[in-house]
$ cat entry.pdb   # PDB, C-alpha atoms
ATOM      1  CA  PRO L   1      95.971  19.154 167.356
ATOM      2  CA  ASN L   2      94.132  16.306 165.658
ATOM      3  CA  VAL L   3      92.356  15.949 162.327
ATOM      4  CA  LYS L   4      89.450  13.630 161.554
ATOM      5  CA  LEU L   5      89.644  11.590 158.343
ATOM      6  CA  VAL L   6      86.625   9.619 157.135
ATOM      7  CA  THR L   7      87.087   6.666 154.778
ATOM      8  CA  SER L   8      84.792   5.330 152.053
ATOM      9  CA  ASP L   9      83.360   2.761 154.471
ATOM     10  CA  ASN L  10      82.569   5.508 157.001
ATOM     11  CA  GLU L  11      85.349   4.788 159.440
ATOM     12  CA  GLU L  12      86.710   7.800 161.267
ATOM     13  CA  PHE L  13      90.443   8.088 161.924
ATOM     14  CA  VAL L  14      91.725  10.783 164.256
ATOM     15  CA  VAL L  15      95.305  11.628 163.330
ATOM     16  CA  ASP L  16      97.904  14.164 164.343
ATOM     17  CA  PHE L  17      97.897  17.372 162.284
ATOM     18  CA  ARG L  18     101.449  16.637 161.103
ATOM     19  CA  ILE L  19     100.366  13.267 159.743
ATOM     20  CA  ALA L  20      97.367  14.742 157.970
ATOM     21  CA  LYS L  21      99.679  17.298 156.328
ATOM     22  CA  MET L  22     101.841  14.518 154.848
ATOM     23  CA  SER L  23      99.090  14.005 152.284
ATOM     24  CA  VAL L  24      98.990  16.780 149.697
ATOM     25  CA  THR L  25      95.328  15.942 148.999
ATOM     26  CA  VAL L  26      94.310  16.209 152.674
ATOM     27  CA  SER L  27      96.412  19.329 153.043
ATOM     28  CA  ARG L  28      94.580  20.997 150.158
ATOM     29  CA  LEU L  29      91.182  19.954 151.513
ATOM     30  CA  MET L  30      92.005  21.362 154.950
ATOM     31  CA  GLU L  31      93.026  24.620 153.352
ATOM     32  CA  ALA L  32      89.790  24.744 151.344
ATOM     33  CA  MET L  33      87.803  24.108 154.538
ATOM     34  CA  ASN L  34      89.739  26.798 156.441
ATOM     35  CA  MET L  35      91.065  24.257 158.902
ATOM     36  CA  SER L  36      94.190  25.473 160.615
ATOM     37  CA  GLU L  37      96.576  24.083 163.196
ATOM     38  CA  THR L  38      95.979  27.044 165.473
ATOM     39  CA  ASP L  39      92.202  26.911 165.242
ATOM     40  CA  ASP L  40      91.018  23.943 167.340
ATOM     41  CA  ALA L  41      87.357  24.693 166.664
ATOM     42  CA  SER L  42      87.840  24.348 162.908
ATOM     43  CA  LEU L  43      89.529  20.975 163.418
ATOM     44  CA  LEU L  44      86.869  19.695 165.823
ATOM     45  CA  SER L  45      83.902  20.717 163.738
ATOM     46  CA  ASN L  46      85.149  19.361 160.407
ATOM     47  CA  SER L  47      86.198  16.010 159.068
ATOM     48  CA  ILE L  48      87.950  15.225 155.794
ATOM     49  CA  PRO L  49      86.064  12.778 153.556
ATOM     50  CA  LEU L  50      88.299  10.350 151.656
ATOM     51  CA  PRO L  51      85.910   8.452 149.351
ATOM     52  CA  ASN L  52      88.695   6.590 147.529
ATOM     53  CA  VAL L  53      90.283   4.977 150.569
ATOM     54  CA  THR L  54      88.924   2.090 152.624
ATOM     55  CA  LYS L  55      89.391   1.601 156.368
ATOM     56  CA  ALA L  56      91.887  -1.264 155.940
ATOM     57  CA  VAL L  57      94.049   0.677 153.499
ATOM     58  CA  MET L  58      93.852   3.886 155.560
ATOM     59  CA  ALA L  59      95.147   2.049 158.616
ATOM     60  CA  ARG L  60      98.213   0.958 156.614
ATOM     61  CA  VAL L  61      98.743   4.476 155.244
ATOM     62  CA  ILE L  62      98.647   5.935 158.767
ATOM     63  CA  GLU L  63     101.081   3.306 160.018
ATOM     64  CA  TRP L  64     103.532   4.344 157.276
ATOM     65  CA  CYS L  65     103.003   8.057 157.996
ATOM     66  CA  GLU L  66     103.569   7.553 161.746
ATOM     67  CA  LYS L  67     106.972   6.079 160.990
ATOM     68  CA  HIS L  68     107.927   8.830 158.546
ATOM     69  CA  LYS L  69     106.398  11.893 160.197
ATOM     70  CA  ASN L  70     109.784  13.221 161.333
ATOM     71  CA  ASP L  71     111.597  12.594 158.039
ATOM     72  CA  GLU L  72     113.335  15.544 156.444
ATOM     73  CA  PRO L  73     111.491  16.618 153.283
ATOM     74  CA  LYS L  74     113.348  15.350 150.229
ATOM     75  CA  GLU L  75     114.472  17.913 147.722
ATOM     76  CA  GLU L  76     113.245  17.094 144.257
ATOM     77  CA  LYS L  77     115.962  17.358 141.650
ATOM     78  CA  GLU L  78     115.219  18.651 138.179
ATOM     79  CA  ASN L  79     115.899  15.219 136.677
ATOM     80  CA  ASP L  80     113.536  13.515 139.141
ATOM     81  CA  LYS L  81     110.687  15.575 137.742
ATOM     82  CA  ARG L  82     111.501  14.388 134.240
ATOM     83  CA  GLY L  83     111.298  10.737 134.903
ATOM     84  CA  ARG L  84     113.220   7.707 135.952
ATOM     85  CA  THR L  85     114.795   7.648 139.350
ATOM     86  CA  THR L  86     116.126   4.883 141.477
ATOM     87  CA  HIS L  87     114.401   5.062 144.807
ATOM     88  CA  VAL L  88     116.037   3.323 147.747
ATOM     89  CA  VAL L  89     113.506   1.520 149.932
ATOM     90  CA  SER L  90     114.637   1.605 153.559
ATOM     91  CA  ASP L  91     114.841  -1.565 155.640
ATOM     92  CA  TRP L  92     111.837  -0.508 157.708
ATOM     93  CA  ASP L  93     109.783   0.094 154.553
ATOM     94  CA  LYS L  94     110.839  -3.264 153.074
ATOM     95  CA  GLU L  95     109.695  -4.968 156.245
ATOM     96  CA  PHE L  96     106.457  -2.930 156.227
ATOM     97  CA  LEU L  97     105.581  -3.979 152.672
ATOM     98  CA  LYS L  98     106.998  -7.489 152.510
ATOM     99  CA  ASN L  99     103.915  -9.354 153.664
ATOM    100  CA  ASP L 100     101.493  -7.503 151.429
ATOM    101  CA  GLU L 101     100.297  -9.654 148.594
ATOM    102  CA  PHE L 102     100.260  -7.979 145.200
ATOM    103  CA  GLY L 103      96.573  -7.045 145.338
ATOM    104  CA  ARG L 104      97.047  -5.208 148.641
ATOM    105  CA  LEU L 105     100.137  -3.454 147.325
ATOM    106  CA  CYS L 106      98.086  -2.180 144.390
ATOM    107  CA  GLN L 107      95.361  -0.882 146.728
ATOM    108  CA  LEU L 108      97.954   0.849 148.885
ATOM    109  CA  MET L 109      99.593   2.291 145.780
ATOM    110  CA  GLY L 110      96.232   3.615 144.578
ATOM    111  CA  ALA L 111      95.660   5.252 147.961
ATOM    112  CA  ALA L 112      99.168   6.773 148.040
ATOM    113  CA  ASN L 113      98.559   8.180 144.578
ATOM    114  CA  TYR L 114      95.134   9.602 145.487
ATOM    115  CA  LEU L 115      96.369  11.038 148.794
ATOM    116  CA  GLU L 116      99.537  12.286 147.101
ATOM    117  CA  ILE L 117     101.983  10.835 149.592
ATOM    118  CA  LYS L 118     105.002  10.670 147.354
ATOM    119  CA  GLY L 119     107.324   8.780 149.693
ATOM    120  CA  LEU L 120     104.854   5.939 150.154
ATOM    121  CA  PHE L 121     104.041   5.838 146.439
ATOM    122  CA  ASN L 122     107.742   5.635 145.540
ATOM    123  CA  ASP L 123     108.316   2.904 148.124
ATOM    124  CA  ILE L 124     105.554   0.738 146.649
ATOM    125  CA  SER L 125     106.487   1.500 143.057
ATOM    126  CA  GLN L 126     110.096   0.520 143.701
ATOM    127  CA  THR L 127     108.983  -2.588 145.599
ATOM    128  CA  ILE L 128     106.963  -3.753 142.580
ATOM    129  CA  ALA L 129     109.892  -2.892 140.258
ATOM    130  CA  ASN L 130     112.139  -4.970 142.506
ATOM    131  CA  MET L 131     109.660  -7.860 142.322
ATOM    132  CA  ILE L 132     109.869  -7.734 138.517
ATOM    133  CA  HIS L 133     113.628  -7.162 138.345
ATOM    134  CA  GLY L 134     115.623 -10.002 136.819
ATOM    135  CA  LYS L 135     112.640 -12.313 136.389
ATOM    136  CA  LYS L 136     111.920 -14.126 133.137
ATOM    137  CA  SER L 137     108.783 -13.164 131.264
ATOM    138  CA  ASP L 138     106.931 -16.355 132.224
ATOM    139  CA  GLU L 139     107.822 -15.801 135.891
ATOM    140  CA  ILE L 140     106.463 -12.231 135.687
ATOM    141  CA  ALA L 141     103.292 -13.524 134.018
ATOM    142  CA  GLU L 142     102.823 -16.093 136.766
ATOM    143  CA  MET L 143     103.438 -13.536 139.512
ATOM    144  CA  PHE L 144     100.820 -11.132 138.121
ATOM    145  CA  ASN L 145      98.483 -13.891 136.999
ATOM    146  CA  ILE L 146      98.716 -12.750 133.377
ATOM    147  CA  HIS L 147      97.488 -15.006 130.622
ATOM    148  CA  CYS L 148      99.984 -14.796 127.769
ATOM    149  CA  ASP L 149      98.147 -14.136 124.516
ATOM    150  CA  LEU L 150     101.266 -13.700 122.384
ATOM    151  CA  THR L 151     101.833 -16.378 119.777
ATOM    152  CA  GLU L 152     105.152 -18.192 119.634
ATOM    153  CA  ALA L 153     105.882 -16.368 116.363
ATOM    154  CA  GLU L 154     105.260 -12.973 118.016
ATOM    155  CA  LYS L 155     107.475 -13.896 120.965
ATOM    156  CA  LYS L 156     110.190 -15.046 118.590
ATOM    157  CA  GLU L 157     109.999 -11.747 116.724
ATOM    158  CA  ILE L 158     110.274  -9.700 119.945
ATOM    159  CA  ARG L 159     113.187 -11.845 121.143
ATOM    160  CA  LYS L 160     114.925 -11.421 117.797
ATOM    161  CA  LYS L 161     114.619  -7.653 118.052
ATOM    162  CA  THR L 162     115.813  -7.538 121.639
ATOM    163  CA  ALA L 163     118.595 -10.102 121.428
ATOM    164  CA  TRP L 164     121.275  -7.437 121.884
ATOM    165  CA  CYS L 165     120.410  -6.722 125.442
ATOM    166  CA  GLU L 166     119.785 -10.239 126.669
ATOM    167  CA  ASP L 167     122.243 -11.520 129.260
TER
ATOM    168  CA  MET W   1      94.058  -8.183 141.678
ATOM    169  CA  ASP W   2      94.877  -7.654 138.028
ATOM    170  CA  ILE W   3      97.814  -5.292 137.422
ATOM    171  CA  PHE W   4      95.839  -3.704 134.567
ATOM    172  CA  SER W   5      93.144  -2.649 137.028
ATOM    173  CA  LEU W   6      95.573   0.045 138.178
ATOM    174  CA  PRO W   7      94.785   3.382 136.549
ATOM    175  CA  ASP W   8      97.018   4.247 133.571
ATOM    176  CA  PRO W   9      98.766   7.208 135.273
ATOM    177  CA  ILE W  10      99.915   4.841 138.053
ATOM    178  CA  LEU W  11     101.085   2.216 135.564
ATOM    179  CA  HIS W  12     102.974   4.916 133.657
ATOM    180  CA  LYS W  13     104.767   5.958 136.837
ATOM    181  CA  LEU W  14     105.535   2.316 137.580
ATOM    182  CA  MET W  15     107.048   1.857 134.125
ATOM    183  CA  ARG W  16     109.529   4.628 134.882
ATOM    184  CA  THR W  17     110.982   2.724 137.802
ATOM    185  CA  LEU W  18     111.704  -0.369 135.691
ATOM    186  CA  GLU W  19     115.060  -1.058 134.170
ATOM    187  CA  ILE W  20     115.359  -1.416 130.400
ATOM    188  CA  LYS W  21     115.877  -5.185 130.507
ATOM    189  CA  ASP W  22     112.856  -5.624 132.775
ATOM    190  CA  ARG W  23     110.766  -3.581 130.331
ATOM    191  CA  LEU W  24     111.795  -5.944 127.567
ATOM    192  CA  ARG W  25     110.863  -9.021 129.555
ATOM    193  CA  LEU W  26     107.531  -7.442 130.457
ATOM    194  CA  ARG W  27     106.785  -7.079 126.747
ATOM    195  CA  LEU W  28     106.900 -10.831 126.387
ATOM    196  CA  THR W  29     104.200 -11.479 128.978
ATOM    197  CA  CYS W  30     101.150 -10.457 126.899
ATOM    198  CA  GLN W  31      99.880  -8.202 124.084
ATOM    199  CA  GLU W  32      98.719  -5.550 126.546
ATOM    200  CA  PHE W  33     102.115  -5.159 128.163
ATOM    201  CA  ASP W  34     103.813  -5.356 124.780
ATOM    202  CA  SER W  35     101.995  -2.241 123.604
ATOM    203  CA  PHE W  36     101.928  -0.592 127.034
ATOM    204  CA  VAL W  37     105.721  -0.712 127.324
ATOM    205  CA  ALA W  38     106.069   0.819 123.869
ATOM    206  CA  ASP W  39     103.641   3.610 124.754
ATOM    207  CA  THR W  40     105.250   4.669 128.012
ATOM    208  CA  SER W  41     108.205   6.830 128.809
ATOM    209  CA  ALA W  42     111.359   5.038 129.882
ATOM    210  CA  GLY W  43     112.168   8.122 131.909
ATOM    211  CA  TRP W  44     115.478   9.717 132.591
ATOM    212  CA  PHE W  45     118.939   8.213 132.395
ATOM    213  CA  PHE W  46     122.153  10.008 133.150
ATOM    214  CA  GLU W  47     124.148   8.742 130.224
ATOM    215  CA  CYS W  48     123.889   7.268 126.770
ATOM    216  CA  ARG W  49     127.160   6.233 125.157
ATOM    217  CA  ILE W  50     127.745   5.033 121.639
ATOM    218  CA  SER W  51     131.157   3.728 120.765
ATOM    219  CA  TYR W  52     132.877   1.090 118.723
ATOM    220  CA  ASP W  53     132.797  -2.341 120.286
ATOM    221  CA  GLU W  54     136.194  -2.534 121.907
ATOM    222  CA  THR W  55     135.077  -5.532 123.963
ATOM    223  CA  SER W  56     134.965  -7.706 120.893
ATOM    224  CA  ALA W  57     138.073  -9.792 120.423
ATOM    225  CA  CYS W  58     137.469 -10.143 116.718
ATOM    226  CA  ASP W  59     138.756  -7.276 114.540
ATOM    227  CA  GLU W  60     136.151  -7.872 111.862
ATOM    228  CA  ILE W  61     133.228  -7.620 114.327
ATOM    229  CA  ARG W  62     134.778  -4.591 115.974
ATOM    230  CA  LYS W  63     135.015  -2.783 112.666
ATOM    231  CA  LYS W  64     131.407  -3.246 111.699
ATOM    232  CA  SER W  65     129.567  -3.056 114.999
ATOM    233  CA  VAL W  66     128.848  -0.579 117.749
ATOM    234  CA  LEU W  67     128.149  -0.720 121.408
ATOM    235  CA  ILE W  68     125.310   1.340 122.878
ATOM    236  CA  LYS W  69     125.040   1.874 126.611
ATOM    237  CA  ILE W  70     121.829   3.314 128.068
ATOM    238  CA  GLY W  71     122.131   3.793 131.812
ATOM    239  CA  ASP W  72     123.523   0.482 133.029
ATOM    240  CA  THR W  73     122.209  -1.505 130.091
ATOM    241  CA  LEU W  74     124.602  -2.545 127.394
ATOM    242  CA  PHE W  75     123.541  -3.279 123.820
ATOM    243  CA  LYS W  76     126.471  -5.110 122.308
ATOM    244  CA  GLY W  77     127.489  -6.144 118.829
ATOM    245  CA  ILE W  78     124.965  -4.104 116.887
ATOM    246  CA  GLU W  79     126.105  -4.304 113.300
ATOM    247  CA  PHE W  80     125.618  -1.240 111.129
ATOM    248  CA  GLU W  81     123.324  -3.203 108.828
ATOM    249  CA  GLU W  82     121.172  -4.098 111.826
ATOM    250  CA  LEU W  83     120.767  -0.508 112.902
ATOM    251  CA  ASP W  84     117.316  -0.293 111.352
ATOM    252  CA  GLN W  85     116.283  -3.163 113.588
ATOM    253  CA  PHE W  86     117.783  -1.391 116.565
ATOM    254  CA  MET W  87     115.885   1.766 115.697
ATOM    255  CA  ASP W  88     112.713  -0.297 115.455
ATOM    256  CA  MET W  89     113.396  -1.762 118.872
ATOM    257  CA  ARG W  90     114.016   1.712 120.217
ATOM    258  CA  SER W  91     110.559   2.772 119.104
ATOM    259  CA  ARG W  92     109.039  -0.376 120.602
ATOM    260  CA  LEU W  93     110.771   0.109 123.916
ATOM    261  CA  PHE W  94     109.716   3.606 124.724
ATOM    262  CA  LYS W  95     107.845   6.581 123.489
ATOM    263  CA  LYS W  96     110.112   8.929 125.367
ATOM    264  CA  ILE W  97     113.465   8.800 127.032
ATOM    265  CA  ALA W  98     115.682  11.534 128.445
ATOM    266  CA  PHE W  99     119.431  11.675 128.937
ATOM    267  CA  SER W 100     121.607  14.221 130.621
ATOM    268  CA  GLU W 101     124.507  13.314 128.400
ATOM    269  CA  VAL W 102     124.822  11.496 125.114
ATOM    270  CA  LEU W 103     128.415  10.641 124.308
ATOM    271  CA  ILE W 104     129.237   9.480 120.833
ATOM    272  CA  GLU W 105     132.736   8.482 119.858
ATOM    273  CA  LEU W 106     133.143   9.004 116.159
ATOM    274  CA  THR W 107     135.830   6.911 114.585
ATOM    275  CA  GLU W 108     136.386   5.369 111.185
ATOM    276  CA  GLU W 109     134.261   2.513 112.489
ATOM    277  CA  VAL W 110     131.506   4.743 113.884
ATOM    278  CA  PRO W 111     130.761   7.211 111.109
ATOM    279  CA  LEU W 112     128.824  10.472 111.354
ATOM    280  CA  THR W 113     125.920   8.983 109.387
ATOM    281  CA  LEU W 114     125.288   6.520 112.215
ATOM    282  CA  PHE W 115     125.294   9.325 114.735
ATOM    283  CA  LEU W 116     122.716  11.237 112.706
ATOM    284  CA  ARG W 117     120.489   8.193 112.321
ATOM    285  CA  PHE W 118     120.573   7.443 116.014
ATOM    286  CA  LEU W 119     119.562  10.981 116.824
ATOM    287  CA  GLN W 120     116.430  10.866 114.677
ATOM    288  CA  ASN W 121     113.453  12.202 116.711
ATOM    289  CA  ILE W 122     115.694  13.169 119.608
ATOM    290  CA  THR W 123     115.609  16.730 120.887
ATOM    291  CA  LEU W 124     118.992  18.087 121.852
ATOM    292  CA  THR W 125     119.186  20.990 124.260
ATOM    293  CA  GLN W 126     122.939  21.412 123.977
ATOM    294  CA  LEU W 127     125.529  19.998 121.650
ATOM    295  CA  HIS W 128     129.179  19.886 122.609
ATOM    296  CA  CYS W 129     131.781  18.688 120.139
ATOM    297  CA  ARG W 130     135.229  17.698 121.203
ATOM    298  CA  LEU W 131     137.810  16.897 118.609
ATOM    299  CA  GLY W 132     140.684  14.651 119.392
ATOM    300  CA  ARG W 133     143.390  12.965 117.470
ATOM    301  CA  SER W 134     144.916   9.647 118.258
ATOM    302  CA  SER W 135     148.692   9.768 118.339
TER
END
$ encode --input "entry.pdb" --output "structure tokens"
Amino acid sequence: PNVKLVTSDNEEFVVDFRIAKMSVTVSRLMEAMNMSETDDASLLSNSIPLPNVTKAVMARVIEWCEKHKNDEPKEEKENDKRGRTTHVVSDWDKEFLKNDEFGRLCQLMGAANYLEIKGLFNDISQTIANMIHGKKSDEIAEMFNIHCDLTEAEKKEIRKKTAWCED
Amino acid sequence: MDIFSLPDPILHKLMRTLEIKDRLRLRLTCQEFDSFVADTSAGWFFECRISYDETSACDEIRKKSVLIKIGDTLFKGIEFEELDQFMDMRSRLFKKIAFSEVLIELTEEVPLTLFLRFLQNITLTQLHCRLGRSS
């Protein structure tokens, strides 16, 4: 069975039920609209509006979901719920995200967050963390196009306080 | 796209995936990141270890300094007199942090007072004490 998803720019995507269910948000909406896998009429007569996702971003989300639709659900450990985890981005996911410029990554991250697709969100989050990892502050600023408004004295003070953990 | 255009809950989640050293470098990029890093949770780490600095070749330094390891990050050569500065940095680095285990080796060089100061504002769920005696 298929599910119709409608983006903010009114584009309709027809996706497999399993793919639609990968999004917690879509899953909840389908439940609220009494759409069920065994009821074709309910699927045909309804579509899920996704006002926070554009056509271009949705296409990328679906591409990711297609690849991961048969993945085993990951068990969430107690410590994962509390905070920091190191997420391993698979080779396919690295390849999938490598050509996205930062702005597009942010849009995709926003969509993954809104749609509640945890695997995709973690992939992007870890990809951005990897982009930052090991870079000097001025390199990070350049990468994110940040204008540094700290004075030299403020920087010196921060460096003084963090000297212990510098390489 | 500006990184600060991301909603705060997303930025908070992103902060949790960063390593401690990367958080520090991020602080130096601008005022906004400086305060944002301080206001976000550093998340969960398996281990925090405080011990005397056995890596130091100099006896004098070893006697008056400690080594603090948070996850994979090592804070070396923190002299007891500088501990206030370290505590200040701790508060600038994160609002919250969680460990599964905090191991503190108390010796003549690492006194109980230091242990108590380090644990200020930290909630302990379990405390295990193991006493040993060097032969």
$ resolve_selection --input "entry.pdb" --expression "the PyMOL selection byres ((chain L and resi 48-56) around 7)" --output "PDB file with C-alpha atoms, in the frame of the given file"
ATOM      1  CA  LYS L   4      89.450  13.630 161.554  1.00  0.00           C
ATOM      2  CA  LEU L   5      89.644  11.590 158.343  1.00  0.00           C
ATOM      3  CA  VAL L   6      86.625   9.619 157.135  1.00  0.00           C
ATOM      4  CA  THR L   7      87.087   6.666 154.778  1.00  0.00           C
ATOM      5  CA  SER L   8      84.792   5.330 152.053  1.00  0.00           C
ATOM      6  CA  ASP L   9      83.360   2.761 154.471  1.00  0.00           C
ATOM      7  CA  GLU L  11      85.349   4.788 159.440  1.00  0.00           C
ATOM      8  CA  ASN L  46      85.149  19.361 160.407  1.00  0.00           C
ATOM      9  CA  SER L  47      86.198  16.010 159.068  1.00  0.00           C
ATOM     10  CA  VAL L  57      94.049   0.677 153.499  1.00  0.00           C
ATOM     11  CA  MET L  58      93.852   3.886 155.560  1.00  0.00           C
ATOM     12  CA  ALA L  59      95.147   2.049 158.616  1.00  0.00           C
ATOM     13  CA  ARG L  60      98.213   0.958 156.614  1.00  0.00           C
ATOM     14  CA  ALA L 111      95.660   5.252 147.961  1.00  0.00           C
TER      15      ALA L 111
END
$ residues_around --input "entry.pdb" --residues "region 34-38 of chain W" --least-positions-apart "2" --cutoff "8 Å" --atoms "only C-alpha atoms" --output "count of residues only"
15
$ resolve_selection --input "entry.pdb" --expression "the ChimeraX specification (/L :<7) & /W" --output "JSON, numbers by chain"
{"W": [1, 2, 3, 14, 16, 17, 18, 21, 22, 25, 26, 28, 29, 30, 31, 42, 43, 44, 45, 74, 75, 76, 85, 89]}
$ atom_distance --input "entry.pdb" --atom1 "CA of Glu157 (chain L)" --atom2 "CA of Ile10 (chain W)"
28.8 Å
$ residues_around --input "entry.pdb" --residues "His128 (chain W)" --least-positions-apart "4" --cutoff "10 Å" --atoms "all atoms listed in the file" --output "list in words"
Glu101, Val102 and Leu103 of chain W
